Amino acid sequence: MKSALELVKSFCVSFFGERDVEKAFALLSDRDCWIGAPDGVEIQGPERAREALRRESAWFPEACRVEVLEERAFSLGEGPGSAVLKAKICGTGWERVVCISASAAEQEGESRLVTVHMILSAEAKKGEPPLLQLRQELFSDAVAGGMMGGYNEEG
């Protein structure tokens, strides 16, 4: 039985590193649910998930290097549990940070991802560290209606 963390790492390698949508899709349960869809629509079920993966893969024109920055696994008893992962996705001349939280369950004797929430940072501004920009974007997104006229700086 694979843990949720192992599944999330495999998903990142398949989707971002190998550019293999079908291999990434095979890691998802047929009961999957995504709440982090970029178009704001909740994705439920295998066909919507496959369609979303194909649509999202168009944003990455090439295979990427995946560098795990942080990872945590959470046990929920006997099953594969839950996991959170932050990784740097690097292509030719660009890089982004992806944060994924997911839970997994047993399905037909195999561990599969059941829920997935993914946040991908916008392209880093010139001269600004990507992690700082990501923190600012995540904070702005967390404030209802966005953030206008506030200060987002160290201190």
# chains A, B, ... in the order shown; residues from 1 in each chain; ligands from 1
>>> select_by_dssp(residues="segment 5-105 of chain A", states="strand (DSSP E or B)", output="PDB file with N, CA and C atoms, in the first residue's frame")
ATOM      1  N   LEU A  28      -5.356   8.649  -9.539  1.00  0.00           N
ATOM      2  CA  LEU A  28      -6.561   9.212  -8.946  1.00  0.00           C
ATOM      3  C   LEU A  28      -7.643   8.156  -8.783  1.00  0.00           C
ATOM      4  N   SER A  29      -8.415   8.289  -7.726  1.00  0.00           N
ATOM      5  CA  SER A  29      -9.558   7.421  -7.491  1.00  0.00           C
ATOM      6  C   SER A  29     -10.677   7.801  -8.446  1.00  0.00           C
ATOM      7  N   ASP A  30     -11.565   6.871  -8.721  1.00  0.00           N
ATOM      8  CA  ASP A  30     -12.718   7.230  -9.549  1.00  0.00           C
ATOM      9  C   ASP A  30     -13.745   8.024  -8.744  1.00  0.00           C
ATOM     10  N   ARG A  31     -13.469   8.226  -7.464  1.00  0.00           N
ATOM     11  CA  ARG A  31     -14.326   9.057  -6.608  1.00  0.00           C
ATOM     12  C   ARG A  31     -13.643  10.381  -6.298  1.00  0.00           C
ATOM     13  N   ASP A  32     -12.632  10.750  -7.094  1.00  0.00           N
ATOM     14  CA  ASP A  32     -11.817  11.916  -6.740  1.00  0.00           C
ATOM     15  C   ASP A  32     -12.608  13.217  -6.773  1.00  0.00           C
ATOM     16  N   CYS A  33     -12.074  14.179  -6.058  1.00  0.00           N
ATOM     17  CA  CYS A  33     -12.668  15.506  -5.986  1.00  0.00           C
ATOM     18  C   CYS A  33     -11.545  16.513  -5.875  1.00  0.00           C
ATOM     19  N   TRP A  34     -11.523  17.500  -6.760  1.00  0.00           N
ATOM     20  CA  TRP A  34     -10.527  18.570  -6.700  1.00  0.00           C
ATOM     21  C   TRP A  34     -11.232  19.838  -6.293  1.00  0.00           C
ATOM     22  N   ILE A  43     -14.156  19.845  -9.376  1.00  0.00           N
ATOM     23  CA  ILE A  43     -14.031  18.736 -10.313  1.00  0.00           C
ATOM     24  C   ILE A  43     -14.316  17.452  -9.563  1.00  0.00           C
ATOM     25  N   GLN A  44     -15.340  16.721 -10.017  1.00  0.00           N
ATOM     26  CA  GLN A  44     -15.672  15.438  -9.418  1.00  0.00           C
ATOM     27  C   GLN A  44     -15.793  14.399 -10.513  1.00  0.00           C
ATOM     28  N   ARG A  65      11.692  19.841 -14.312  1.00  0.00           N
ATOM     29  CA  ARG A  65      12.405  19.252 -13.177  1.00  0.00           C
ATOM     30  C   ARG A  65      11.567  19.538 -11.934  1.00  0.00           C
ATOM     31  N   VAL A  66      11.379  18.530 -11.099  1.00  0.00           N
ATOM     32  CA  VAL A  66      10.588  18.668  -9.883  1.00  0.00           C
ATOM     33  C   VAL A  66      11.529  18.571  -8.691  1.00  0.00           C
ATOM     34  N   GLU A  67      11.566  19.624  -7.883  1.00  0.00           N
ATOM     35  CA  GLU A  67      12.417  19.657  -6.693  1.00  0.00           C
ATOM     36  C   GLU A  67      11.530  19.835  -5.455  1.00  0.00           C
ATOM     37  N   VAL A  68      11.448  18.817  -4.620  1.00  0.00           N
ATOM     38  CA  VAL A  68      10.610  18.869  -3.423  1.00  0.00           C
ATOM     39  C   VAL A  68      11.247  19.819  -2.412  1.00  0.00           C
ATOM     40  N   LEU A  69      10.463  20.794  -1.946  1.00  0.00           N
ATOM     41  CA  LEU A  69      10.937  21.763  -0.963  1.00  0.00           C
ATOM     42  C   LEU A  69      10.505  21.386   0.453  1.00  0.00           C
ATOM     43  N   GLU A  70       9.266  20.953   0.600  1.00  0.00           N
ATOM     44  CA  GLU A  70       8.734  20.533   1.898  1.00  0.00           C
ATOM     45  C   GLU A  70       7.746  19.414   1.668  1.00  0.00           C
ATOM     46  N   GLU A  71       7.658  18.518   2.642  1.00  0.00           N
ATOM     47  CA  GLU A  71       6.682  17.432   2.555  1.00  0.00           C
ATOM     48  C   GLU A  71       6.276  16.995   3.951  1.00  0.00           C
ATOM     49  N   ARG A  72       5.011  16.599   4.069  1.00  0.00           N
ATOM     50  CA  ARG A  72       4.518  16.078   5.338  1.00  0.00           C
ATOM     51  C   ARG A  72       3.458  15.024   5.044  1.00  0.00           C
ATOM     52  N   ALA A  73       3.468  13.971   5.835  1.00  0.00           N
ATOM     53  CA  ALA A  73       2.469  12.913   5.717  1.00  0.00           C
ATOM     54  C   ALA A  73       1.690  12.840   7.025  1.00  0.00           C
ATOM     55  N   PHE A  74       0.406  12.542   6.921  1.00  0.00           N
ATOM     56  CA  PHE A  74      -0.465  12.441   8.084  1.00  0.00           C
ATOM     57  C   PHE A  74      -1.191  11.100   8.030  1.00  0.00           C
ATOM     58  N   SER A  82      -3.116  11.239   4.512  1.00  0.00           N
ATOM     59  CA  SER A  82      -3.120  12.524   3.810  1.00  0.00           C
ATOM     60  C   SER A  82      -1.690  13.033   3.719  1.00  0.00           C
ATOM     61  N   ALA A  83      -1.486  14.001   2.819  1.00  0.00           N
ATOM     62  CA  ALA A  83      -0.143  14.559   2.641  1.00  0.00           C
ATOM     63  C   ALA A  83      -0.223  15.981   2.124  1.00  0.00           C
ATOM     64  N   VAL A  84       0.817  16.745   2.423  1.00  0.00           N
ATOM     65  CA  VAL A  84       1.009  18.061   1.825  1.00  0.00           C
ATOM     66  C   VAL A  84       2.425  18.096   1.264  1.00  0.00           C
ATOM     67  N   LEU A  85       2.575  18.763   0.135  1.00  0.00           N
ATOM     68  CA  LEU A  85       3.857  18.823  -0.530  1.00  0.00           C
ATOM     69  C   LEU A  85       4.021  20.186  -1.183  1.00  0.00           C
ATOM     70  N   LYS A  86       5.208  20.758  -1.049  1.00  0.00           N
ATOM     71  CA  LYS A  86       5.565  21.986  -1.763  1.00  0.00           C
ATOM     72  C   LYS A  86       6.772  21.644  -2.617  1.00  0.00           C
ATOM     73  N   ALA A  87       6.685  21.956  -3.908  1.00  0.00           N
ATOM     74  CA  ALA A  87       7.776  21.620  -4.821  1.00  0.00           C
ATOM     75  C   ALA A  87       8.032  22.772  -5.778  1.00  0.00           C
ATOM     76  N   LYS A  88       9.266  22.870  -6.230  1.00  0.00           N
ATOM     77  CA  LYS A  88       9.637  23.829  -7.263  1.00  0.00           C
ATOM     78  C   LYS A  88       9.584  23.082  -8.591  1.00  0.00           C
ATOM     79  N   ILE A  89       8.868  23.652  -9.538  1.00  0.00           N
ATOM     80  CA  ILE A  89       8.743  23.088 -10.879  1.00  0.00           C
ATOM     81  C   ILE A  89       9.566  23.978 -11.800  1.00  0.00           C
ATOM     82  N   CYS A  90      10.602  23.423 -12.428  1.00  0.00           N
ATOM     83  CA  CYS A  90      11.534  24.224 -13.232  1.00  0.00           C
ATOM     84  C   CYS A  90      11.534  23.785 -14.688  1.00  0.00           C
ATOM     85  N   GLY A  91      11.370  24.761 -15.566  1.00  0.00           N
ATOM     86  CA  GLY A  91      11.478  24.530 -16.999  1.00  0.00           C
ATOM     87  C   GLY A  91      12.640  25.345 -17.532  1.00  0.00           C
ATOM     88  N   TRP A  94      12.291  29.339 -16.589  1.00  0.00           N
ATOM     89  CA  TRP A  94      11.199  29.702 -15.682  1.00  0.00           C
ATOM     90  C   TRP A  94      11.113  28.684 -14.543  1.00  0.00           C
ATOM     91  N   GLU A  95      10.457  29.109 -13.477  1.00  0.00           N
ATOM     92  CA  GLU A  95      10.193  28.196 -12.361  1.00  0.00           C
ATOM     93  C   GLU A  95       8.955  28.671 -11.630  1.00  0.00           C
ATOM     94  N   ARG A  96       8.252  27.725 -11.063  1.00  0.00           N
ATOM     95  CA  ARG A  96       7.056  28.007 -10.280  1.00  0.00           C
ATOM     96  C   ARG A  96       7.075  27.112  -9.054  1.00  0.00           C
ATOM     97  N   VAL A  97       6.286  27.465  -8.079  1.00  0.00           N
ATOM     98  CA  VAL A  97       6.142  26.640  -6.883  1.00  0.00           C
ATOM     99  C   VAL A  97       4.721  26.093  -6.881  1.00  0.00           C
ATOM    100  N   VAL A  98       4.599  24.807  -6.612  1.00  0.00           N
ATOM    101  CA  VAL A  98       3.293  24.181  -6.503  1.00  0.00           C
ATOM    102  C   VAL A  98       3.133  23.657  -5.079  1.00  0.00           C
ATOM    103  N   CYS A  99       1.962  23.888  -4.509  1.00  0.00           N
ATOM    104  CA  CYS A  99       1.622  23.351  -3.193  1.00  0.00           C
ATOM    105  C   CYS A  99       0.421  22.430  -3.390  1.00  0.00           C
ATOM    106  N   ILE A 100       0.542  21.216  -2.895  1.00  0.00           N
ATOM    107  CA  ILE A 100      -0.517  20.219  -3.072  1.00  0.00           C
ATOM    108  C   ILE A 100      -0.866  19.622  -1.721  1.00  0.00           C
ATOM    109  N   SER A 101      -2.158  19.545  -1.431  1.00  0.00           N
ATOM    110  CA  SER A 101      -2.617  18.762  -0.290  1.00  0.00           C
ATOM    111  C   SER A 101      -3.557  17.705  -0.853  1.00  0.00           C
ATOM    112  N   ALA A 102      -3.474  16.504  -0.314  1.00  0.00           N
ATOM    113  CA  ALA A 102      -4.273  15.404  -0.851  1.00  0.00           C
ATOM    114  C   ALA A 102      -4.534  14.367   0.227  1.00  0.00           C
ATOM    115  N   SER A 103      -5.596  13.627   0.024  1.00  0.00           N
ATOM    116  CA  SER A 103      -5.868  12.459   0.865  1.00  0.00           C
ATOM    117  C   SER A 103      -6.030  11.262  -0.059  1.00  0.00           C
ATOM    118  N   ALA A 104      -5.755  10.102   0.481  1.00  0.00           N
ATOM    119  CA  ALA A 104      -5.804   8.884  -0.319  1.00  0.00           C
ATOM    120  C   ALA A 104      -6.622   7.823   0.402  1.00  0.00           C
ATOM    121  N   ALA A 105      -7.076   6.850  -0.371  1.00  0.00           N
ATOM    122  CA  ALA A 105      -7.846   5.736   0.184  1.00  0.00           C
ATOM    123  C   ALA A 105      -7.570   4.492  -0.651  1.00  0.00           C
TER     124      ALA A 105
END
>>> closest_residue(among="A:Phe15, A:Glu22, A:Ser75, A:Leu113", to="Pro61 of chain A", atoms="only C-alpha atoms")
A:Phe15
